[in-house]
file my_file.csv (CSV, C-alpha atoms)
chain,number,residue,atom,x,y,z
N,1,MET,CA,-18.1,12.4,4.0
N,2,HIS,CA,-15.7,15.0,2.5
N,3,CYS,CA,-16.1,17.3,5.4
N,4,LEU,CA,-15.4,14.5,7.8
N,5,ARG,CA,-12.4,13.5,5.8
N,6,TRP,CA,-10.8,16.9,5.9
N,7,SER,CA,-11.7,17.6,9.5
N,8,PHE,CA,-10.2,14.3,10.5
N,9,ARG,CA,-7.0,15.1,8.6
N,10,ALA,CA,-6.8,18.5,10.3
N,11,GLN,CA,-7.2,16.8,13.7
N,12,ARG,CA,-4.4,14.3,13.0
N,13,ARG,CA,-2.0,17.0,11.8
N,14,ILE,CA,-2.6,19.3,14.7
N,15,SER,CA,-2.2,16.5,17.2
N,16,MET,CA,1.2,15.4,15.8
N,17,GLU,CA,3.8,15.5,18.6
N,18,LYS,CA,6.9,13.4,19.3
N,19,HIS,CA,7.3,10.0,17.8
N,20,ALA,CA,9.5,7.0,18.8
N,21,CYS,CA,12.8,7.0,16.9
N,22,ILE,CA,12.3,5.2,13.6
N,23,THR,CA,15.1,2.9,12.4
N,24,HIS,CA,13.3,0.9,9.7
N,25,VAL,CA,10.6,1.7,7.1
N,26,ILE,CA,8.0,-0.6,5.5
N,27,PHE,CA,5.9,0.3,2.5
N,28,ASP,CA,2.7,-1.0,1.0
N,29,VAL,CA,2.7,-0.9,-2.8
N,30,ASP,CA,-0.8,-0.6,-4.3
N,31,GLY,CA,-2.2,2.9,-3.8
N,32,THR,CA,0.8,3.8,-1.7
N,33,ILE,CA,3.9,3.7,-4.0
N,34,LEU,CA,2.1,2.8,-7.2
N,35,ASP,CA,-1.1,4.3,-8.6
N,36,THR,CA,-2.7,0.9,-9.4
N,37,GLU,CA,-6.3,1.4,-8.3
N,38,ALA,CA,-7.6,2.5,-11.7
N,39,LEU,CA,-5.8,-0.4,-13.4
N,40,TYR,CA,-7.3,-3.0,-11.0
N,41,ASN,CA,-10.8,-1.5,-11.1
N,42,THR,CA,-10.7,-1.5,-14.9
N,43,ALA,CA,-9.7,-5.2,-15.0
N,44,LYS,CA,-12.2,-6.2,-12.3
N,45,ILE,CA,-15.1,-4.4,-14.1
N,46,LYS,CA,-14.1,-6.1,-17.4
N,47,VAL,CA,-14.3,-9.6,-15.8
N,48,ILE,CA,-17.5,-8.8,-13.8
N,49,ALA,CA,-19.2,-7.3,-16.9
N,50,ARG,CA,-18.8,-10.6,-18.7
N,51,TYR,CA,-21.5,-11.9,-16.3
N,52,GLY,CA,-23.7,-8.8,-16.4
N,53,ALA,CA,-22.9,-7.7,-12.8
N,54,GLU,CA,-20.9,-4.5,-13.3
N,55,GLU,CA,-23.5,-2.4,-11.5
N,56,GLN,CA,-22.9,-4.4,-8.4
N,57,PHE,CA,-19.2,-3.4,-8.3
N,58,THR,CA,-20.0,-0.3,-6.3
N,59,ARG,CA,-17.6,2.2,-4.7
N,60,ALA,CA,-18.4,0.7,-1.3
N,61,LEU,CA,-17.4,-2.7,-2.6
N,62,ARG,CA,-14.1,-1.3,-4.0
N,63,SER,CA,-13.3,0.2,-0.6
N,64,LYS,CA,-14.2,-3.0,1.2
N,65,THR,CA,-11.6,-5.0,-0.8
N,66,ALA,CA,-8.8,-2.4,-0.7
N,67,GLY,CA,-5.6,-3.7,0.7
N,68,LYS,CA,-6.8,-7.3,1.1
N,69,GLN,CA,-5.1,-10.5,-0.2
N,70,ALA,CA,-6.1,-11.7,-3.6
N,71,ILE,CA,-8.1,-14.7,-2.5
N,72,ASP,CA,-10.0,-12.5,0.0
N,73,VAL,CA,-10.8,-10.0,-2.7
N,74,ALA,CA,-12.0,-12.7,-5.0
N,75,GLU,CA,-14.2,-14.3,-2.4
N,76,ILE,CA,-15.9,-11.0,-1.6
N,77,ILE,CA,-16.4,-10.0,-5.2
N,78,THR,CA,-17.7,-13.4,-6.4
N,79,GLU,CA,-20.2,-13.5,-3.5
N,80,GLU,CA,-21.4,-9.9,-3.5
N,81,CYS,CA,-21.6,-9.7,-7.3
N,82,ASP,CA,-23.2,-13.2,-7.5
N,83,LEU,CA,-20.7,-14.4,-10.1
N,84,PRO,CA,-20.9,-18.0,-11.4
N,85,LEU,CA,-17.2,-18.4,-10.6
N,86,THR,CA,-15.1,-19.8,-7.8
N,87,PRO,CA,-12.6,-17.3,-6.3
N,88,ASP,CA,-9.8,-19.1,-8.1
N,89,GLU,CA,-11.6,-18.9,-11.4
N,90,PHE,CA,-12.1,-15.2,-10.9
N,91,ILE,CA,-8.4,-14.7,-10.1
N,92,ALA,CA,-7.4,-16.6,-13.3
N,93,GLU,CA,-9.7,-14.4,-15.5
N,94,LEU,CA,-8.5,-11.2,-13.7
N,95,ASP,CA,-4.8,-12.1,-14.3
N,96,MET,CA,-5.4,-12.4,-18.0
N,97,VAL,CA,-6.7,-8.8,-18.1
N,98,LEU,CA,-4.0,-7.5,-15.7
N,99,LYS,CA,-1.0,-8.9,-17.5
N,100,PRO,CA,-0.6,-6.3,-20.2
N,101,ILE,CA,-1.6,-3.3,-18.0
N,102,LEU,CA,0.1,-3.7,-14.6
N,103,PRO,CA,3.6,-2.8,-15.9
N,104,THR,CA,2.2,0.6,-16.9
N,105,ALA,CA,1.5,1.6,-13.2
N,106,GLN,CA,2.8,5.0,-12.4
N,107,LEU,CA,4.5,6.2,-9.2
N,108,LYS,CA,2.6,8.2,-6.7
N,109,PRO,CA,3.8,11.8,-6.2
N,110,GLY,CA,6.9,12.0,-3.9
N,111,ALA,CA,7.4,8.2,-3.6
N,112,GLU,CA,10.5,8.1,-5.7
N,113,ARG,CA,12.1,11.0,-3.8
N,114,LEU,CA,11.4,9.5,-0.4
N,115,ILE,CA,12.5,6.0,-1.2
N,116,HIS,CA,15.8,7.2,-2.7
N,117,HIS,CA,16.3,9.5,0.2
N,118,LEU,CA,16.0,6.7,2.8
N,119,ALA,CA,18.2,4.4,0.8
N,120,ASP,CA,20.8,7.1,0.3
N,121,HIS,CA,20.9,7.5,4.1
N,122,ASN,CA,21.1,3.8,4.8
N,123,VAL,CA,17.7,3.5,6.3
N,124,PRO,CA,16.5,-0.1,5.8
N,125,VAL,CA,13.3,-0.3,3.7
N,126,ALA,CA,11.1,-3.2,2.9
N,127,ILE,CA,7.9,-4.0,1.0
N,128,ALA,CA,4.7,-5.5,2.6
N,129,THR,CA,2.1,-6.0,-0.1
N,130,SER,CA,-1.0,-8.1,-0.2
N,131,SER,CA,-0.2,-9.0,-3.8
N,132,ARG,CA,0.9,-12.3,-5.1
N,133,ARG,CA,4.6,-12.5,-6.1
N,134,ARG,CA,3.6,-12.9,-9.8
N,135,THR,CA,1.4,-9.9,-10.1
N,136,GLY,CA,3.6,-7.9,-7.7
N,137,LYS,CA,6.6,-8.4,-10.0
N,138,MET,CA,4.5,-7.3,-13.0
N,139,LYS,CA,3.5,-4.0,-11.5
N,140,MET,CA,7.0,-3.3,-10.2
N,141,SER,CA,8.7,-4.1,-13.5
N,142,GLY,CA,8.1,-0.6,-14.8
N,143,HIS,CA,10.2,0.8,-12.0
N,144,SER,CA,12.7,-1.9,-11.3
N,145,ASP,CA,15.6,0.4,-10.3
N,146,LEU,CA,13.5,1.9,-7.6
N,147,PHE,CA,12.2,-1.4,-6.2
N,148,ASN,CA,15.7,-2.9,-6.2
N,149,LEU,CA,16.5,-0.4,-3.4
N,150,PHE,CA,14.3,-2.5,-1.0
N,151,SER,CA,16.1,-5.0,1.2
N,152,HIS,CA,13.3,-7.5,0.8
N,153,LYS,CA,9.7,-7.8,-0.3
N,154,VAL,CA,6.9,-9.8,1.4
N,155,PHE,CA,4.0,-10.8,-0.9
N,156,GLY,CA,1.2,-11.6,1.5
N,157,SER,CA,-1.0,-13.6,-0.8
N,158,ASP,CA,1.4,-16.4,-1.3
N,159,ASP,CA,4.1,-16.1,1.4
N,160,PRO,CA,3.9,-19.2,3.6
N,161,GLU,CA,4.8,-17.2,6.7
N,162,VAL,CA,1.9,-14.8,6.3
N,163,GLY,CA,-0.9,-16.8,7.8
N,164,ARG,CA,-3.6,-14.0,7.7
N,165,GLY,CA,-4.0,-11.0,5.5
N,166,LYS,CA,-4.5,-7.4,6.4
N,167,PRO,CA,-6.1,-6.1,8.7
N,168,ASN,CA,-4.1,-8.7,10.7
N,169,PRO,CA,-0.5,-7.8,11.7
N,170,ASP,CA,1.1,-10.9,10.2
N,171,ILE,CA,2.6,-9.4,7.0
N,172,PHE,CA,4.2,-6.5,8.9
N,173,LEU,CA,5.7,-8.7,11.6
N,174,VAL,CA,7.2,-11.0,8.9
N,175,ALA,CA,8.6,-7.9,7.0
N,176,ALA,CA,10.2,-6.7,10.3
N,177,ARG,CA,11.7,-10.1,11.1
N,178,ARG,CA,13.4,-10.3,7.7
N,179,PHE,CA,15.5,-7.2,8.1
N,180,GLU,CA,19.2,-8.0,8.5
N,181,ASP,CA,19.1,-6.4,11.9
N,182,PRO,CA,15.4,-7.0,13.0
N,183,PRO,CA,14.0,-3.9,14.8
N,184,SER,CA,11.4,-3.7,17.5
N,185,PRO,CA,7.9,-3.0,16.1
N,186,GLU,CA,7.8,0.4,17.7
N,187,ASN,CA,10.9,1.4,15.7
N,188,CYS,CA,9.2,0.6,12.4
N,189,LEU,CA,7.3,3.1,10.4
N,190,VAL,CA,4.7,1.9,7.9
N,191,PHE,CA,3.3,3.7,4.9
N,192,GLU,CA,-0.2,2.6,3.9
N,193,ASP,CA,-3.2,3.8,1.9
N,194,SER,CA,-5.9,1.4,3.1
N,195,THR,CA,-7.8,1.2,6.4
N,196,SER,CA,-7.1,-2.6,6.5
N,197,GLY,CA,-3.4,-1.9,6.1
N,198,VAL,CA,-3.3,0.7,8.8
N,199,GLN,CA,-5.1,-1.6,11.2
N,200,GLY,CA,-2.7,-4.4,10.6
N,201,ALA,CA,0.3,-2.2,11.1
N,202,LEU,CA,-1.1,-0.8,14.3
N,203,GLU,CA,-1.8,-4.3,15.6
N,204,ALA,CA,1.8,-5.1,14.9
N,205,GLY,CA,2.8,-2.3,17.3
N,206,MET,CA,4.1,0.0,14.6
N,207,GLN,CA,3.6,3.6,13.7
N,208,VAL,CA,1.7,4.3,10.5
N,209,VAL,CA,1.6,7.2,8.1
N,210,MET,CA,-1.5,6.9,6.0
N,211,VAL,CA,-1.7,8.3,2.5
N,212,PRO,CA,-5.3,7.5,1.8
N,213,GLU,CA,-7.2,7.0,-1.4
N,214,HIS,CA,-10.6,6.5,0.3
N,215,LEU,CA,-11.5,6.2,3.9
N,216,ILE,CA,-9.5,7.5,6.8
N,217,HIS,CA,-8.4,5.3,9.7
N,218,PRO,CA,-8.7,7.3,13.0
N,219,GLY,CA,-5.8,5.4,14.6
N,220,ALA,CA,-3.1,6.4,12.0
N,221,THR,CA,-0.1,8.1,13.5
N,222,GLU,CA,-0.3,10.7,10.7
N,223,VAL,CA,-2.5,11.3,7.7
N,224,ILE,CA,-1.1,13.1,4.6
N,225,ASP,CA,-2.3,13.7,1.1
N,226,SER,CA,0.9,12.6,-0.6
N,227,PHE,CA,4.5,11.7,0.1
N,228,GLU,CA,5.4,15.3,-0.8
N,229,GLU,CA,4.0,16.4,2.6
N,230,PHE,CA,6.0,13.9,4.6
N,231,ASP,CA,8.7,15.3,7.0
N,232,PRO,CA,11.2,12.5,7.9
N,233,VAL,CA,12.6,14.6,10.7
N,234,LYS,CA,9.4,14.1,12.8
N,235,TYR,CA,10.3,10.5,13.1
N,236,GLY,CA,14.0,10.8,13.8
N,237,LEU,CA,14.9,10.1,10.2
N,238,PRO,CA,17.4,12.2,8.2
N,239,GLY,CA,15.9,15.4,6.7
N,240,TYR,CA,15.8,16.1,3.0
N,241,ASP,CA,18.8,17.7,1.3
N,242,ASN,CA,18.3,20.2,-1.5
N,243,ASP,CA,19.5,17.6,-4.0
N,244,ASP,CA,16.5,15.4,-3.2
N,245,ASN,CA,14.3,17.8,-5.2
N,246,THR,CA,15.7,16.4,-8.5
N,247,PHE,CA,13.3,13.5,-8.6
N,248,SER,CA,10.0,13.6,-10.6
N,249,ASN,CA,6.7,14.1,-9.0
N,250,GLY,CA,5.5,10.6,-10.1
N,251,TYR,CA,3.4,11.5,-13.1

call {"tool": "encode", "arguments": {"input": "my_file.csv", "output": "structure tokens"}}
result
Amino acid sequence: MHCLRWSFRAQRRISMEKHACITHVIFDVDGTILDTEALYNTAKIKVIARYGAEEQFTRALRSKTAGKQAIDVAEIITEECDLPLTPDEFIAELDMVLKPILPTAQLKPGAERLIHHLADHNVPVAIATSSRRRTGKMKMSGHSDLFNLFSHKVFGSDDPEVGRGKPNPDIFLVAARRFEDPPSPENCLVFEDSTSGVQGALEAGMQVVMVPEHLIHPGATEVIDSFEEFDPVKYGLPGYDNDDNTFSNGY
């Protein structure tokens, strides 16, 4: 798997050519801007362990639920771990564990620099996260100044306009429509870490830079290890200035 992962990345990087001019940028949050995977996994294991099913929460199951809406994740976990809970009951127990730890989520390397850079150059940016508004605000609270730079945020799990979760395109199309000057999908660039998120953005007709934590989506426009590798100029965006290097690496 590791060999395939790296050869795939090499292939994507080598094949990079010209891209449509990007005017607007949409970011996922979990695993993309914020390093929340360990926090969520710790909370899920704690709830699942109450019912003696922690061994069923495998790496494959974690990957299967990545990027999906809260209710979809709960349905998958309660079924595959055979928990005596409804999906809503699982979410309620999970929220109790998450409440004190989500605000401690740290930024991924290079995220702060890129977001500030885009905002400083008047490139409209938005959030498209599968989270609910309540938990989304919890995890963003530790970096409120940074998240205030976004023109708007779409919380897929409880936004009435997002009918279907990732890997469907709904959340990305809603995010694009809510820009003050709505762009064409081909002029939107999406940053995602999950295969379901990449698939949704592609189905929305957008370009996608994948910063993966697990599996690679072969359709991604580009695959990078971190935001520190991203070159805005490739997409017709303003290049970095020397002053942009003053931001932390995220840890």

call {"tool": "closest_residue", "arguments": {"input": "my_file.csv", "among": "N:Ile224, N:Leu149, N:Ile71, N:Ile171", "to": "Glu112 of chain N", "atoms": "only C-alpha atoms"}}
result
N:Leu149

call {"tool": "closest_residue", "arguments": {"input": "my_file.csv", "among": "N:Leu83, N:Leu39, N:Ile22, N:Ala66", "to": "Glu186 of chain N", "atoms": "all atoms listed in the file"}}
result
N:Ile22

call {"tool": "atom_distance", "arguments": {"input": "my_file.csv", "atom1": "atom CA of Glu222 of chain N", "atom2": "atom CA of Val209 of chain N"}}
result
4.8 Å

call {"tool": "closest_residue", "arguments": {"input": "my_file.csv", "among": "N:Ala126, N:Ala220, N:Val29, N:Leu215", "to": "Ala175 of chain N", "atoms": "all atoms listed in the file"}}
result
N:Ala126

call {"tool": "residues_near_point", "arguments": {"input": "my_file.csv", "point": "(19.7, 8.3, 4.5)", "cutoff": "9 Å", "atoms": "all atoms listed in the file", "output": "list in words"}}
result
His116, His117, Leu118, Ala119, Asp120, His121, Asn122, Val123, Leu237, Pro238, Gly239 and Tyr240 of chain N

call {"tool": "atom_distance", "arguments": {"input": "my_file.csv", "atom1": "atom CA of Leu61 of chain N", "atom2": "atom CA of Ile91 of chain N"}}
result
16.8 Å

call {"tool": "residues_around", "arguments": {"input": "my_file.csv", "residues": "Asp35 of chain N", "least_positions_apart": "3", "cutoff": "12 Å", "atoms": "only C-alpha atoms", "output": "ChimeraX atom specification"}}
result
/N:28-32,38-41,102-109,111,139-140,193,211-213,226,250-251

call {"tool": "atom_distance", "arguments": {"input": "my_file.csv", "atom1": "atom CA of Ile26 of chain N", "atom2": "atom CA of Phe191 of chain N"}}
result
6.4 Å

call {"tool": "closest_residue", "arguments": {"input": "my_file.csv", "among": "N:Leu34, N:Arg164, N:Asp88, N:Ala176", "to": "Phe227 of chain N", "atoms": "all atoms listed in the file"}}
result
N:Leu34

call {"tool": "closest_residue", "arguments": {"input": "my_file.csv", "among": "N:Met206, N:Ile48, N:Pro87, N:Gly197", "to": "Glu75 of chain N", "atoms": "only C-alpha atoms"}}
result
N:Pro87

call {"tool": "closest_residue", "arguments": {"input": "my_file.csv", "among": "N:Pro167, N:Pro160, N:Gly110, N:Gly142", "to": "Glu228 of chain N", "atoms": "only C-alpha atoms"}}
result
N:Gly110

call {"tool": "residues_around", "arguments": {"input": "my_file.csv", "residues": "His214 of chain N", "least_positions_apart": "3", "cutoff": "12 Å", "atoms": "only C-alpha atoms", "output": "list in words"}}
result
Met1, His2, Leu4, Arg5, Trp6, Gly31, Thr32, Glu37, Arg59, Ala60, Leu61, Arg62, Ser63, Lys64, Thr65, Ala66, Gly67, Glu192, Asp193, Ser194, Thr195, Ser196, Met210, Val211, His217, Val223 and Asp225 of chain N

call {"tool": "decode", "arguments": {"input": "my_file.csv", "residues": "segment 82-103 of chain N", "atoms": "C-alpha atoms", "output": "PDB file, in the first residue's frame"}}
result
ATOM      1  CA  ASP N  82     -23.001  -3.838  16.491  1.00  0.00           C
ATOM      2  CA  LEU N  83     -23.659  -1.203  19.136  1.00  0.00           C
ATOM      3  CA  PRO N  84     -26.925  -1.192  21.122  1.00  0.00           C
ATOM      4  CA  LEU N  85     -27.418   2.456  20.175  1.00  0.00           C
ATOM      5  CA  THR N  86     -29.322   4.366  17.555  1.00  0.00           C
ATOM      6  CA  PRO N  87     -27.172   6.670  15.406  1.00  0.00           C
ATOM      7  CA  ASP N  88     -28.597   9.674  17.278  1.00  0.00           C
ATOM      8  CA  GLU N  89     -27.716   8.125  20.637  1.00  0.00           C
ATOM      9  CA  PHE N  90     -24.186   7.447  19.434  1.00  0.00           C
ATOM     10  CA  ILE N  91     -23.822  11.089  18.346  1.00  0.00           C
ATOM     11  CA  ALA N  92     -25.086  12.309  21.727  1.00  0.00           C
ATOM     12  CA  GLU N  93     -22.553  10.182  23.628  1.00  0.00           C
ATOM     13  CA  LEU N  94     -19.769  11.194  21.253  1.00  0.00           C
ATOM     14  CA  ASP N  95     -20.535  14.892  21.716  1.00  0.00           C
ATOM     15  CA  MET N  96     -20.068  14.616  25.466  1.00  0.00           C
ATOM     16  CA  VAL N  97     -16.567  13.247  24.948  1.00  0.00           C
ATOM     17  CA  LEU N  98     -15.679  15.703  22.180  1.00  0.00           C
ATOM     18  CA  LYS N  99     -16.778  18.894  23.929  1.00  0.00           C
ATOM     19  CA  PRO N 100     -13.632  19.447  26.041  1.00  0.00           C
ATOM     20  CA  ILE N 101     -11.116  18.241  23.452  1.00  0.00           C
ATOM     21  CA  LEU N 102     -12.199  19.721  20.095  1.00  0.00           C
ATOM     22  CA  PRO N 103     -11.025  23.272  20.933  1.00  0.00           C
TER      23      PRO N 103
END
